[in-house]
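Each remark here refers to the structure printed beneath this line.
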Amino acid sequence: METVIDLSLLDVPRPSATDPGTLRVTVSGGGPVGLAFALALDEMLPGRAAVTVYDGRWTRKGSSVVWKDETQGNFRRQQVVTVQSRQYLALPEEVLSALFDDGAAYSEMWPVGPDSVDGRPPRNIRIAHIEDRLLELANRKPSIRLVPKRFDVAEEQGRITREHVLAVAEGGRSRTREHYADRFGAADASIYSLDGEHLQDVVLGLRVTSKLPDPMSVLLTVSQNRFLLNSLRGEGFLNMRLTREEARNVIGIDPVRHVFEECIAARPCLMSRQEEDNEFRCPTHGTLFLPALLRGSPLWKEIRQGLSLFGVAEEDLSAITSFRLDMVQRPRFTAQLHRPTTTTPGTYGFLLGDAANAIHFWPGRGLNSGLASATSLARSLSRAWRGKPLRDADFIRHEAAMSMLQYRHKSRAWNAMVTTDEQGITHAIKDIIARSAEASADASAAASADASRGASPGAADSSDLDALLDRMAGIRERLAPRMPGLPGDAELRSHLASIPPATLRTLRESGAWDTLIVGGEEADIDLFYQSDSPVFVPRPSDPGPSDPRPSDPRSPSAVG
Ligand SMILES: Cc1cc2nc3c(=O)[nH]c(=O)nc-3n(C[C@H](O)[C@H](O)[C@H](O)COP(=O)(O)OP(=O)(O)OC[C@H]3O[C@@H](n4cnc5c(N)ncnc54)[C@H](O)[C@@H]3O)c2cc1C
């Protein structure tokens, strides 16, 4: 019988940092991207890289490093993310098994699309599960040193100059990136602005359990732009895109001091349901979510319509948070931070993940882009590293890959924030939603006035329902070959029957996911790594244009 030895359990020494053949790498930020990068590099340069990863959300437990919990001030992120097969199949085998060996940890809610490789669909998985599994794996790697501490770039200058690489994977609000603003350049908000205003969406994140089957949720989600449900077997977040007015009403109230607090709006905190009816309390600040207390508030009414649309009983809304989403264009992702001296090797800095490209999450590509950036840098380093100082030319492929990721994913995400009318004027989708709600309020005021005069009500309501049903039927036709179990007309009609006319109108006017504009070829970093790679063996190439793959709503190019 063959004996399999788990090498990670042996006392394999860490590659010596003083050995000139060892690539010295510091990673600041051990979220999913920082850890995925460390593990990919470990696989591609076995025994030849010494990687040190810092994260302030970790703590030491015995001989391991683990995630801090709530009592230590770390509220783990709860969102379910969609990872495309192009990304998960590019992960090291060991990482792939760690993430997906437990079939209960993921689901395949979305159908295959242009970012699907080998016909494998995207997978929904909790971000906390990704972080847990990657950290466990990293703990077992002798070449990876985990430091449970915030990385302070000013304090660590001496150390950085002795490293070959500093990979910055600190997420969207990276301090280290700002510290090196003179190397990475200034971000440009103008491209993602309308009429000079840097566009920001505020999205309410409602933690829910939905009773709807996935095909129904997918169809409802891609048919409009107000609500988005992404879940793992019904459990996840129902996201609601807010108007400006609604965003101003996302506010907490301190029940003792009777003052309004912006904690859910600004920080933002996760407010969890309490025993008392309709109380959602922030565990950090003790505040209560005000719109839920004011039962008649327009925002709370809209939230309830969203719950009803996605088959969520009110008591199955367990927590509320909010996300502020805007985007900037970054000029570069690779920079020489320190030149070589007689005593130091020269240090290259890289922005990875959200620190490089924070992307509006509606089309679900932030983590995908981050994982691709991690894989790309690991490939570039593994092919370049010969124990000699690194050079600018070593990273042309990586920088090109980063540019491609930024262009493709931010263009798509921008088209999930705005829409262009028949006159060619571009509007923020949140403003279209606001206008629709105002028009409905005016119409209902006029209808009550008519009713009080004895006039009969207008026919606008059924036309909104019919238009929505027509739209859903069209989308269903395109999705059906890849997604069994989509609801028929009668089921949809009866499901929508309980939704009030004003909400139906908003759903209709918010538009379906715009797939014609955002469809087409996906960002594939393999393009840059197909030749001369001494370490990485590319996968067989994906089907080309003569073998068109069907589209994927979370691209989203199957609808509209
Ligand atoms: C509601 C929601 C839904 C989403 N859905 C999807 C989806 O469906 N598909 C998808 O692809 N993406 C999705 N995303 C985006 C995805 O979550 C992010 O792109 C991803 O988490 C980015 O990973 P990251 O490692 O780059 O950054 P982060 O996850 O932000 O991790 C950064 C890490 O760096 C640490 N850190 C920060 N500063 C320091 C420092 N100075 N020193 C040490 N450590 C530091 C932090 O503690 C953290 O652990 C979604 C995001 C949201 C909010």
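Identifiers in the structure tokens: chain A, B, ... in order shown; residue index from 1 per chain; ligand index from 1 in order shown.
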For this session: Identify, counting only C-alpha atoms and all ligand atoms, the protein, DNA and RNA residues located within 8 Å of ligand 1, and give them as a PyMOL selection string.
Result: chain A and resi 28-35+53-58+79-84+124+127+149-153+169-176+205+230+237+239+323+352-356+358-370
Problem set entry | Distance query Trp300 in chain A at most 12 Å, only C-alpha atoms, self and fewer than 3 positions along chain excluded, as a count of residues only | 25
Problem set entry | Straight-line distance linking CA of Arg244 in chain A with CA of Lys430 in chain A, stated in Å to one decimal | 7.3 Å
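Using only C-alpha atoms, the shortest contact distance between Thr419 in chain A and any of A:Glu178, A:Asp514, A:Asp466, A:Glu491 is found at A:Asp514.
Secondary structure from DSSP on the backbone puts alpha helix (DSSP H) at the following positions of range 229-364 of chain A: A:Arg244, A:Glu245, A:Glu246, A:Ala247, A:Arg248, A:Cys263, A:Ile264, A:Ala265, A:Ala266, A:Leu290, A:Pro291, A:Ala292, A:Leu293, A:Pro298, A:Leu299, A:Trp300, A:Lys301, A:Glu302, A:Ile303, A:Arg304, A:Gln305, A:Gly306, A:Leu307, A:Ser308, A:Leu309, A:Gly353, A:Asp354, A:Ala355, A:Ala356.
Atom pair CA of Arg332 in chain A / CA of Trp414 in chain A: separated by 19.7 Å.
With distances restricted to only C-alpha atoms, A:Leu39 is the closest residue to Glu136 in chain A from A:Ile191, A:Leu39, A:Cys269, A:Ala335.
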From range 63-262 of chain A, collect each residue whose DSSP state is strand (DSSP E or B) and return the set as a CSV table (one decimal) with N, CA and C atoms, in the first residue's frame.
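Printed below is result27.csv as written:
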chain,number,residue,atom,x,y,z
A,64,SER,N,-0.7,28.4,16.6
A,64,SER,CA,-1.3,28.8,15.3
A,64,SER,C,-1.7,30.3,15.4
A,65,VAL,N,-2.0,30.8,14.2
A,65,VAL,CA,-2.5,32.2,14.1
A,65,VAL,C,-4.0,32.0,13.6
A,66,VAL,N,-4.9,32.6,14.2
A,66,VAL,CA,-6.3,32.5,13.9
A,66,VAL,C,-7.0,33.8,13.8
A,67,TRP,N,-8.2,33.8,13.2
A,67,TRP,CA,-8.9,35.1,13.1
A,67,TRP,C,-9.4,35.5,14.5
A,80,VAL,N,-21.8,36.4,1.1
A,80,VAL,CA,-21.6,35.3,0.2
A,80,VAL,C,-21.1,35.9,-1.1
A,81,VAL,N,-20.0,35.4,-1.6
A,81,VAL,CA,-19.4,35.9,-2.8
A,81,VAL,C,-19.5,34.8,-3.9
A,82,THR,N,-19.5,35.3,-5.1
A,82,THR,CA,-19.6,34.4,-6.3
A,82,THR,C,-18.2,34.3,-6.9
A,83,VAL,N,-17.6,33.1,-7.0
A,83,VAL,CA,-16.3,33.0,-7.6
A,83,VAL,C,-16.4,32.2,-8.9
A,106,TYR,N,-20.4,25.4,-0.3
A,106,TYR,CA,-20.6,26.2,-1.5
A,106,TYR,C,-21.9,25.7,-2.2
A,107,SER,N,-22.4,26.6,-3.1
A,107,SER,CA,-23.5,26.2,-3.9
A,107,SER,C,-23.2,26.7,-5.3
A,123,ARG,N,-19.3,29.6,-8.3
A,123,ARG,CA,-19.6,29.0,-7.0
A,123,ARG,C,-19.9,30.1,-6.0
A,124,ASN,N,-20.9,29.9,-5.2
A,124,ASN,CA,-21.2,30.9,-4.1
A,124,ASN,C,-20.6,30.3,-2.8
A,125,ILE,N,-19.9,31.1,-2.1
A,125,ILE,CA,-19.2,30.7,-0.9
A,125,ILE,C,-19.1,31.8,0.1
A,126,ARG,N,-19.1,31.6,1.3
A,126,ARG,CA,-19.0,32.7,2.3
A,126,ARG,C,-17.5,33.2,2.4
A,144,ILE,N,5.8,30.3,5.0
A,144,ILE,CA,4.9,31.4,5.2
A,144,ILE,C,4.9,31.7,6.7
A,145,ARG,N,5.3,33.0,7.0
A,145,ARG,CA,5.3,33.4,8.4
A,145,ARG,C,4.1,34.3,8.6
A,146,LEU,N,3.3,34.0,9.6
A,146,LEU,CA,2.1,34.8,9.8
A,146,LEU,C,2.3,35.8,11.0
A,147,VAL,N,2.1,37.0,10.8
A,147,VAL,CA,2.3,38.0,11.9
A,147,VAL,C,1.0,38.6,12.2
A,165,VAL,N,10.2,42.1,-2.3
A,165,VAL,CA,8.8,42.4,-2.7
A,165,VAL,C,8.0,42.9,-1.5
A,166,LEU,N,7.2,43.9,-1.7
A,166,LEU,CA,6.1,44.3,-0.7
A,166,LEU,C,4.8,44.2,-1.5
A,167,ALA,N,4.0,43.2,-1.2
A,167,ALA,CA,2.7,43.1,-1.8
A,167,ALA,C,1.6,43.7,-0.9
A,168,VAL,N,0.9,44.7,-1.4
A,168,VAL,CA,-0.1,45.5,-0.6
A,168,VAL,C,-1.5,44.9,-0.9
A,188,ASP,N,-7.8,58.5,-10.1
A,188,ASP,CA,-8.6,59.4,-10.9
A,188,ASP,C,-10.1,59.0,-10.8
A,193,SER,N,-17.4,59.4,-12.7
A,193,SER,CA,-18.2,60.5,-12.3
A,193,SER,C,-19.3,60.9,-13.3
A,194,LEU,N,-20.3,61.5,-12.9
A,194,LEU,CA,-21.4,62.0,-13.8
A,194,LEU,C,-21.6,63.5,-13.5
A,197,GLU,N,-19.8,64.9,-10.7
A,197,GLU,CA,-20.0,64.3,-9.3
A,197,GLU,C,-19.5,62.9,-9.3
A,198,HIS,N,-18.6,62.6,-8.4
A,198,HIS,CA,-18.0,61.2,-8.2
A,198,HIS,C,-19.2,60.4,-7.7
A,201,ASP,N,-22.8,54.7,-4.9
A,201,ASP,CA,-24.0,54.0,-4.6
A,201,ASP,C,-24.0,53.6,-3.1
A,202,VAL,N,-25.1,53.8,-2.4
A,202,VAL,CA,-25.2,53.2,-1.1
A,202,VAL,C,-26.2,52.0,-1.2
A,203,VAL,N,-25.7,50.9,-0.8
A,203,VAL,CA,-26.5,49.7,-0.9
A,203,VAL,C,-26.7,49.2,0.5
A,204,LEU,N,-28.0,48.9,0.8
A,204,LEU,CA,-28.3,48.3,2.1
A,204,LEU,C,-28.1,46.8,2.0
A,205,GLY,N,-27.4,46.2,3.0
A,205,GLY,CA,-27.2,44.8,3.0
A,205,GLY,C,-28.1,44.2,4.0
A,206,LEU,N,-29.1,43.4,3.6
A,206,LEU,CA,-30.1,42.8,4.5
A,206,LEU,C,-29.7,41.3,4.6
A,207,ARG,N,-29.3,40.9,5.8
A,207,ARG,CA,-29.0,39.5,6.0
A,207,ARG,C,-30.3,38.7,6.1
A,208,VAL,N,-30.5,37.7,5.2
A,208,VAL,CA,-31.8,37.1,5.1
A,208,VAL,C,-31.7,35.6,4.9
A,209,THR,N,-32.8,34.9,5.2
A,209,THR,CA,-33.0,33.5,4.7
A,209,THR,C,-34.2,33.6,3.8
A,227,PHE,N,-32.9,45.4,-6.4
A,227,PHE,CA,-32.5,44.3,-5.4
A,227,PHE,C,-31.6,43.3,-6.0
A,228,LEU,N,-30.7,42.8,-5.2
A,228,LEU,CA,-29.8,41.7,-5.6
A,228,LEU,C,-29.7,40.7,-4.5
A,229,LEU,N,-30.1,39.4,-4.8
A,229,LEU,CA,-29.9,38.4,-3.7
A,229,LEU,C,-28.8,37.5,-4.1
A,230,ASN,N,-27.8,37.4,-3.3
A,230,ASN,CA,-26.7,36.4,-3.5
A,230,ASN,C,-26.6,35.6,-2.2
A,231,SER,N,-26.8,34.3,-2.3
A,231,SER,CA,-27.0,33.5,-1.1
A,231,SER,C,-26.4,32.1,-1.3
A,232,LEU,N,-26.3,31.4,-0.2
A,232,LEU,CA,-25.9,30.0,-0.1
A,232,LEU,C,-27.1,29.2,0.4
A,235,GLU,N,-29.5,31.4,2.2
A,235,GLU,CA,-28.9,32.3,3.3
A,235,GLU,C,-27.9,33.2,2.8
A,236,GLY,N,-28.1,34.5,2.9
A,236,GLY,CA,-27.1,35.4,2.4
A,236,GLY,C,-27.5,36.8,2.6
A,237,PHE,N,-27.2,37.7,1.7
A,237,PHE,CA,-27.6,39.1,1.7
A,237,PHE,C,-28.5,39.4,0.6
A,238,LEU,N,-29.6,40.1,0.9
A,238,LEU,CA,-30.4,40.7,-0.1
A,238,LEU,C,-29.9,42.2,-0.1
A,239,ASN,N,-29.4,42.6,-1.2
A,239,ASN,CA,-28.8,44.0,-1.3
A,239,ASN,C,-29.9,44.9,-2.0
A,240,MET,N,-30.0,46.1,-1.4
A,240,MET,CA,-31.0,47.0,-2.0
A,240,MET,C,-30.3,48.3,-2.3
A,241,ARG,N,-30.4,48.7,-3.6
A,241,ARG,CA,-29.7,49.9,-4.0
A,241,ARG,C,-30.6,51.1,-3.6
A,252,GLY,N,-28.8,55.4,12.6
A,252,GLY,CA,-29.1,54.7,13.9
A,252,GLY,C,-29.5,55.7,14.9
A,253,ILE,N,-30.2,55.3,15.9
A,253,ILE,CA,-30.6,56.2,17.0
A,253,ILE,C,-30.1,55.6,18.3
A,254,ASP,N,-29.4,56.5,19.1
A,254,ASP,CA,-29.0,56.0,20.5
A,254,ASP,C,-30.2,56.1,21.4
A,259,VAL,N,-30.0,60.5,20.5
A,259,VAL,CA,-29.3,61.2,19.4
A,259,VAL,C,-29.1,60.3,18.3
A,260,PHE,N,-29.1,60.9,17.1
A,260,PHE,CA,-28.9,60.1,15.9
A,260,PHE,C,-27.4,59.9,15.7
A,261,GLU,N,-27.1,58.6,15.3
A,261,GLU,CA,-25.7,58.3,15.0
A,261,GLU,C,-25.6,57.7,13.6
For this session: Name the closest residue to Leu270 in chain A among the candidates A:Gln78, A:Thr375, A:Ser223, A:Ser97; distances are taken between atoms, counting only C-alpha atoms.
Result: A:Gln78
List as a tab-separated table (two decimals) with C-alpha atoms, in the first residue's frame the protein and nucleic acid residues near Leu99 in chain A, meaning an atom at most 7 Å away when only C-alpha atoms are counted, but skip any in the same chain fewer than 3 places from it.
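Saved file result34.tsv follows:
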chain	number	residue	atom	x	y	z
A	95	VAL	CA	-6.21	25.55	-2.02
A	96	LEU	CA	-8.99	24.30	-4.25
A	130	ILE	CA	-12.49	31.38	2.32
A	133	ARG	CA	-9.55	27.77	5.11
